[in-house]
Amino acid sequence: MPSIVSCTSARPKELFVSANPKTVSRSLVHRLVWPNAIFGSLLIGRTPEELAKLKGMVKQLSEAGLRAEYLSSGALLLEEPALAVGKEDGAAFLPDDCQLDAQRTVAFIEKANRHFALKGRYAEFYHDPAVSLLRSGSSGEVEAVQTSKNTLYSKKAVVIAAGCWSGSLMHDLVRESNIALDVPVKPRKGHLLVVENINSIQLNHGLMEVGYVDHEIGTHPTSSLGMDDHEQTLSISMTATLDTVGNLVLGSSRQFAGFSTEVDDSIIHRIWSRAGEFFPTLRELSLTEFAKSRKVRIGLRPYMPDGKPIIGPVPGLPKVLLATGHEGGGLSLALGTAEMVTDMVLGHPEKVDSAPFSVQGRCG
Ligand SMILES: Cc1cc2nc3c(=O)[nH]c(=O)nc-3n(C[C@H](O)[C@H](O)[C@H](O)COP(=O)(O)OP(=O)(O)OC[C@H]3O[C@@H](n4cnc5c(N)ncnc54)[C@H](O)[C@@H]3O)c2cc1C
């Protein structure tokens with residue numbers, strides 16, 4: 001999991017939980033946002049098709065009540081002077097977007113949750129994987145989750161949210177029943193490059209090229225070398241932001257490489273050279289100069305072939321719900337997903353139509 005994520009506003013307004021310092025409490029901001037955090041994000045387009053797409057996005061987001069603006073090349077350069085901006089380039093500017101540090105965010109949520117432990121409403125079971133479901137002999141209803149060390153009883157619901165492992169976990173959980181459920185979620189590996197001590201680039205916003213959001217769904221990369229099956233699945237899209245201590249974080253790759261989380265140096269070099277197409281200063285620097293001060297982060301995005309998360313009850317298994325398949329948006333969509341699942345479990349009216357995300361018809 002990457003530690004810096006863009007908290008995109010490109011989601012239904014009802015699910016938008018803003019981390020914008022203007023709209024959340026000061027104490028929350030101090031915990032989650034670091035002193036020199038950059039605000040606002042720019043999605044950059046370079047072809048007429050990309051610019052048309054960006055204008056459509058700006059319209060859609062504005063209609064949903066979010067602040068979004070289309071910037072032509074001149075305005076884009078004023079916002080981000082370090083960028084190489086061609087006459088025909090443009091961008092969608094989302095001024096209220098901000099960066100989250102995933103580790104700080106998780107620590108914050110854990111700390112808040114631990115207050116409920118005293119009331120017996122929260123417990124943590126790290127390094128204790130779920131292995132099977134225990135079902136009532138008479139009704140067949142799921143009563144508990146068996147983990148490697150514990151039996152966890154559940155009155156209301158069991159939510160399976162195991163990212164790209166959800167398919168194999170689901171398979172194990174229903175092995176002894178007559179339910180056939182093939183959740184087609186796959187690991188989609190991503191590399192991020194963190195470069196320390198690089199003072200020659202100043203960023204004012206989080207940046208990404210429009211291909212980054214396109215590739216969330218597509219399986220056909222724009223930067224493919226076209227050499228073999230492994231390469232065919234590889235795509236590189238430029239993303240650039242700063243981390244909590246001011247390091248430059250460059251991304252990002254997408255590839256299907258099973259569950260491997262090994263660093264592939266050739267991908268790191270391609271991320272660097274793609275970034276150089278947007279930041280001329282980087283072309284004058286060699287990545288080897290940063291050999292000692294570079295770090296690589298690798299994560300596995302839970303990819304669904306139809307590009308949508310899968311959130312809802314599992315047919316034939318009352319009380320069991322799935323929440324996975326968020327691909328490259330799972331951190332910004334996490335709270336919204338939790339709200340949807342909570343409403344489903346408690347039988348509250350849905351704030352968001354969950355039909356497009358349902359399990360029904362999307363698993364073999
Ligand atoms: C390079 C990169 C950049 C990204 N950038 C962004 C971004 O800018 N914004 C954004 O929103 N998202 C981003 N993402 C995507 C985001 O990280 C994922 O969408 C998100 O982590 C998915 O969350 P998840 O909880 O579904 O799965 P995961 O985070 O994969 O968590 C699944 C958990 O289930 C556990 N598990 C597995 N099997 C079992 C078992 N049997 N029992 C119990 N637990 C089990 C695993 O150990 C794991 O902890 C990025 C991802 C990558 C790789």
# chains A, B, ... in the order shown; residues from 1 in each chain; ligands from 1
>>> residues_near_ligand(ligand="ligand 1", cutoff="8 Å", atoms="only C-alpha atoms and all ligand atoms", output="MDAnalysis selection string")
chainID A and resid 1:2 4:8 127:131 147 161:166 169 188:192 251:254 297:302 323:334
>>> write_last_selection(atoms="N, CA and C atoms", output="short mmCIF file (atom, residue, chain, number, x, y, z; two decimals), in the first residue's frame")
data_model
loop_
_atom_site.label_atom_id
_atom_site.label_comp_id
_atom_site.auth_asym_id
_atom_site.auth_seq_id
_atom_site.Cartn_x
_atom_site.Cartn_y
_atom_site.Cartn_z
N MET A 1 0.84 -1.19 0.00
CA MET A 1 0.00 0.00 0.00
C MET A 1 0.89 1.25 0.00
N PRO A 2 0.61 2.20 -0.87
CA PRO A 2 1.44 3.40 -0.88
C PRO A 2 1.15 4.23 0.35
N ILE A 4 1.44 7.66 0.42
CA ILE A 4 0.85 8.95 0.06
C ILE A 4 -0.17 8.70 -1.03
N VAL A 5 -1.36 9.14 -0.83
CA VAL A 5 -2.37 8.91 -1.86
C VAL A 5 -3.08 10.20 -2.14
N SER A 6 -3.57 10.32 -3.35
CA SER A 6 -4.38 11.50 -3.62
C SER A 6 -5.79 11.17 -3.20
N CYS A 7 -6.37 12.07 -2.44
CA CYS A 7 -7.74 11.85 -1.97
C CYS A 7 -8.66 12.49 -3.00
N THR A 8 -8.91 11.75 -4.07
CA THR A 8 -9.62 12.36 -5.18
C THR A 8 -11.07 12.64 -4.85
N HIS A 127 -2.06 -10.67 12.00
CA HIS A 127 -1.31 -11.93 11.80
C HIS A 127 -2.14 -13.14 12.24
N ASP A 128 -3.41 -13.12 11.95
CA ASP A 128 -4.30 -14.21 12.34
C ASP A 128 -5.34 -14.36 11.21
N PRO A 129 -4.93 -14.91 10.07
CA PRO A 129 -5.81 -14.91 8.90
C PRO A 129 -7.08 -15.73 9.06
N ALA A 130 -8.13 -15.27 8.40
CA ALA A 130 -9.39 -16.03 8.35
C ALA A 130 -9.15 -17.28 7.51
N VAL A 131 -9.69 -18.40 7.95
CA VAL A 131 -9.48 -19.64 7.17
C VAL A 131 -10.79 -20.30 6.75
N THR A 147 -10.43 -18.20 12.39
CA THR A 147 -9.11 -17.72 11.97
C THR A 147 -8.08 -18.76 12.38
N ALA A 161 -13.15 -8.25 3.12
CA ALA A 161 -12.51 -7.09 2.48
C ALA A 161 -11.01 -7.37 2.48
N ALA A 162 -10.60 -8.35 1.70
CA ALA A 162 -9.20 -8.80 1.73
C ALA A 162 -8.47 -8.42 0.45
N GLY A 163 -8.87 -7.27 -0.15
CA GLY A 163 -8.18 -6.77 -1.32
C GLY A 163 -8.06 -7.83 -2.40
N CYS A 164 -6.86 -7.93 -2.99
CA CYS A 164 -6.70 -8.86 -4.11
C CYS A 164 -6.70 -10.32 -3.65
N TRP A 165 -6.68 -10.54 -2.35
CA TRP A 165 -6.76 -11.92 -1.82
C TRP A 165 -8.22 -12.35 -1.62
N SER A 166 -9.16 -11.45 -1.88
CA SER A 166 -10.57 -11.76 -1.60
C SER A 166 -11.07 -12.95 -2.41
N LEU A 169 -9.61 -16.12 -0.84
CA LEU A 169 -10.18 -16.28 0.49
C LEU A 169 -11.64 -16.75 0.38
N ARG A 188 -2.97 -6.29 -9.07
CA ARG A 188 -2.33 -5.46 -10.10
C ARG A 188 -1.22 -4.68 -9.43
N LYS A 189 -0.01 -5.13 -9.72
CA LYS A 189 1.17 -4.62 -9.02
C LYS A 189 1.48 -3.18 -9.41
N GLY A 190 1.89 -2.39 -8.43
CA GLY A 190 2.29 -1.01 -8.72
C GLY A 190 3.58 -0.65 -8.01
N HIS A 191 4.47 0.05 -8.73
CA HIS A 191 5.70 0.58 -8.13
C HIS A 191 5.55 2.08 -7.95
N LEU A 192 6.09 2.60 -6.84
CA LEU A 192 6.26 4.04 -6.65
C LEU A 192 7.73 4.29 -6.32
N GLY A 251 5.28 8.12 -9.66
CA GLY A 251 4.63 6.86 -10.04
C GLY A 251 4.30 6.93 -11.50
N SER A 252 3.60 5.99 -11.86
CA SER A 252 3.34 4.73 -11.20
C SER A 252 3.12 3.68 -12.27
N SER A 253 3.37 2.45 -11.88
CA SER A 253 3.22 1.35 -12.85
C SER A 253 1.98 0.54 -12.53
N ARG A 254 1.50 -0.15 -13.54
CA ARG A 254 0.42 -1.14 -13.35
C ARG A 254 0.80 -2.35 -14.17
N ARG A 297 8.40 1.77 -3.35
CA ARG A 297 7.25 1.17 -2.66
C ARG A 297 6.47 0.35 -3.67
N ILE A 298 6.03 -0.81 -3.21
CA ILE A 298 5.29 -1.71 -4.10
C ILE A 298 3.98 -2.09 -3.44
N GLY A 299 2.92 -2.13 -4.19
CA GLY A 299 1.64 -2.58 -3.65
C GLY A 299 0.86 -3.36 -4.69
N LEU A 300 -0.16 -4.07 -4.24
CA LEU A 300 -1.00 -4.85 -5.16
C LEU A 300 -2.41 -4.26 -5.13
N ARG A 301 -2.80 -3.68 -6.25
CA ARG A 301 -4.16 -3.10 -6.32
C ARG A 301 -5.16 -4.22 -6.60
N PRO A 302 -6.30 -4.20 -5.94
CA PRO A 302 -7.31 -5.23 -6.23
C PRO A 302 -8.11 -4.84 -7.48
N ALA A 323 -16.46 -6.59 0.04
CA ALA A 323 -16.10 -5.20 -0.26
C ALA A 323 -14.67 -5.21 -0.77
N THR A 324 -14.52 -5.24 -2.08
CA THR A 324 -13.17 -5.30 -2.66
C THR A 324 -13.20 -4.76 -4.09
N GLY A 325 -12.04 -4.86 -4.77
CA GLY A 325 -11.99 -4.50 -6.19
C GLY A 325 -11.87 -3.01 -6.44
N HIS A 326 -11.29 -2.25 -5.51
CA HIS A 326 -11.22 -0.80 -5.68
C HIS A 326 -10.01 -0.36 -6.52
N GLU A 327 -9.23 -1.29 -6.99
CA GLU A 327 -8.05 -1.02 -7.84
C GLU A 327 -7.23 0.15 -7.29
N GLY A 328 -7.07 1.22 -8.08
CA GLY A 328 -6.19 2.32 -7.65
C GLY A 328 -6.90 3.40 -6.86
N GLY A 329 -8.11 3.13 -6.36
CA GLY A 329 -8.85 4.17 -5.63
C GLY A 329 -9.31 3.74 -4.26
N GLY A 330 -8.75 2.64 -3.76
CA GLY A 330 -9.28 2.05 -2.54
C GLY A 330 -9.05 2.86 -1.29
N LEU A 331 -8.04 3.73 -1.30
CA LEU A 331 -7.81 4.51 -0.09
C LEU A 331 -8.78 5.68 -0.03
N SER A 332 -8.98 6.33 -1.16
CA SER A 332 -9.93 7.44 -1.12
C SER A 332 -11.37 6.95 -1.06
N LEU A 333 -11.62 5.73 -1.51
CA LEU A 333 -13.00 5.21 -1.48
C LEU A 333 -13.31 4.40 -0.21
N ALA A 334 -12.32 4.25 0.66
CA ALA A 334 -12.50 3.36 1.81
C ALA A 334 -13.64 3.81 2.73
#
>>> select_by_dssp(residues="stretch 292-348 of chain A", states="strand (DSSP E or B)", output="list in words")
Arg294, Lys295, Val296, Arg297, Ile298, Gly299, Leu300, Arg301, Pro302, Tyr303, Ile310, Ile311, Gly312, Pro313, Val320, Leu321, Leu322, Ala323 and Thr324 of chain A
>>> atom_distance(atom1="atom CA of A:Thr239", atom2="atom CA of A:Leu43")
9.2 Å
>>> closest_residue(among="A:Leu321, A:Leu173, A:Leu118, A:Leu250", to="A:Leu134", atoms="only C-alpha atoms")
A:Leu173
>>> atom_distance(atom1="atom CA of A:Ser72", atom2="atom CA of A:Gly90")
4.5 Å
>>> residues_around(residues="A:Glu339", least_positions_apart="4", cutoff="9 Å", atoms="only C-alpha atoms", output="ChimeraX atom specification")
/A:15,334-335,343-344,351
>>> select_by_dssp(residues="stretch 70-111 of chain A", states="helix (DSSP H, G or I)", output="NGL selection string")
:A and (73-79 or 102-111)
>>> residues_around(residues="stretch 291-296 of chain A", least_positions_apart="4", cutoff="6 Å", atoms="only C-alpha atoms", output="short mmCIF file (atom, residue, chain, number, x, y, z; two decimals) with C-alpha atoms, in the first residue's frame")
data_model
loop_
_atom_site.label_atom_id
_atom_site.label_comp_id
_atom_site.auth_asym_id
_atom_site.auth_seq_id
_atom_site.Cartn_x
_atom_site.Cartn_y
_atom_site.Cartn_z
CA LEU A 192 6.26 4.04 -6.65
CA LEU A 193 9.66 5.72 -6.61
CA VAL A 194 10.56 7.99 -3.68
CA VAL A 195 13.52 10.28 -4.31
CA GLU A 196 15.08 12.07 -1.37
#
>>> atom_distance(atom1="atom CA of A:Leu83", atom2="atom CA of A:Gly206")
12.1 Å
>>> closest_atom_pairs(of="stretch 137-194 of chain A", to="stretch 309-312 of chain A", cutoff="10 Å", atoms="only C-alpha atoms", output="CSV")
residue,atom,partner,partner_atom,distance
A:Val159,CA,A:Gly312,CA,9.0
A:Ile160,CA,A:Ile311,CA,9.6
A:Ala161,CA,A:Ile311,CA,9.2
A:Val183,CA,A:Ile310,CA,9.0
A:Pro184,CA,A:Ile310,CA,10.0
A:Val185,CA,A:Ile310,CA,9.0
>>> write_last_selection(atoms="C-alpha atoms", output="PDB file, in the first residue's frame")
ATOM      1  CA  VAL A 159     -17.505  -8.521   5.667  1.00  0.00           C
ATOM      2  CA  ILE A 160     -14.823  -9.948   3.405  1.00  0.00           C
ATOM      3  CA  ALA A 161     -12.506  -7.095   2.476  1.00  0.00           C
ATOM      4  CA  VAL A 183     -14.660 -13.459  -7.410  1.00  0.00           C
ATOM      5  CA  PRO A 184     -12.572 -12.321 -10.398  1.00  0.00           C
ATOM      6  CA  VAL A 185     -10.431  -9.846  -8.443  1.00  0.00           C
TER       7      VAL A 185
END
>>> residues_around(residues="A:Ala123", least_positions_apart="2", cutoff="12 Å", atoms="only C-alpha atoms", output="PDB file with C-alpha atoms, in the first residue's frame")
ATOM      1  CA  GLU A 110      -6.954   2.550  14.848  1.00  0.00           C
ATOM      2  CA  LYS A 111      -6.548   4.961  17.738  1.00  0.00           C
ATOM      3  CA  ASN A 113     -11.386   2.503  17.174  1.00  0.00           C
ATOM      4  CA  ARG A 114      -9.461   1.399  20.257  1.00  0.00           C
ATOM      5  CA  HIS A 115     -11.793   3.511  22.420  1.00  0.00           C
ATOM      6  CA  PHE A 116     -14.520   1.032  21.477  1.00  0.00           C
ATOM      7  CA  ALA A 117     -12.396  -1.913  22.633  1.00  0.00           C
ATOM      8  CA  LEU A 118     -13.204  -1.016  26.240  1.00  0.00           C
ATOM      9  CA  LYS A 119     -16.901  -1.460  25.434  1.00  0.00           C
ATOM     10  CA  GLY A 120     -16.221  -4.812  23.760  1.00  0.00           C
ATOM     11  CA  ARG A 121     -17.081  -3.381  20.359  1.00  0.00           C
ATOM     12  CA  PHE A 125      -6.467  -9.716  15.102  1.00  0.00           C
ATOM     13  CA  TYR A 126      -3.299  -8.988  13.187  1.00  0.00           C
ATOM     14  CA  ASN A 150      -9.494 -17.688  17.078  1.00  0.00           C
ATOM     15  CA  LEU A 152     -14.893 -14.907  15.955  1.00  0.00           C
TER      16      LEU A 152
END
>>> residues_around(residues="A:His269", least_positions_apart="6", cutoff="10 Å", atoms="only C-alpha atoms", output="list in words")
Leu193, Ala275, Ser286, Leu287 and Thr288 of chain A
>>> write_last_selection(atoms="C-alpha atoms", output="mmCIF file, in the first residue's frame")
data_model
loop_
_atom_site.group_PDB
_atom_site.id
_atom_site.type_symbol
_atom_site.label_atom_id
_atom_site.label_comp_id
_atom_site.auth_asym_id
_atom_site.auth_seq_id
_atom_site.Cartn_x
_atom_site.Cartn_y
_atom_site.Cartn_z
ATOM 1 C CA LEU A 193 9.662 5.718 -6.608
ATOM 2 C CA ALA A 275 8.425 11.705 -15.313
ATOM 3 C CA SER A 286 20.511 10.521 -13.790
ATOM 4 C CA LEU A 287 18.613 8.189 -11.510
ATOM 5 C CA THR A 288 21.902 6.569 -10.541
#
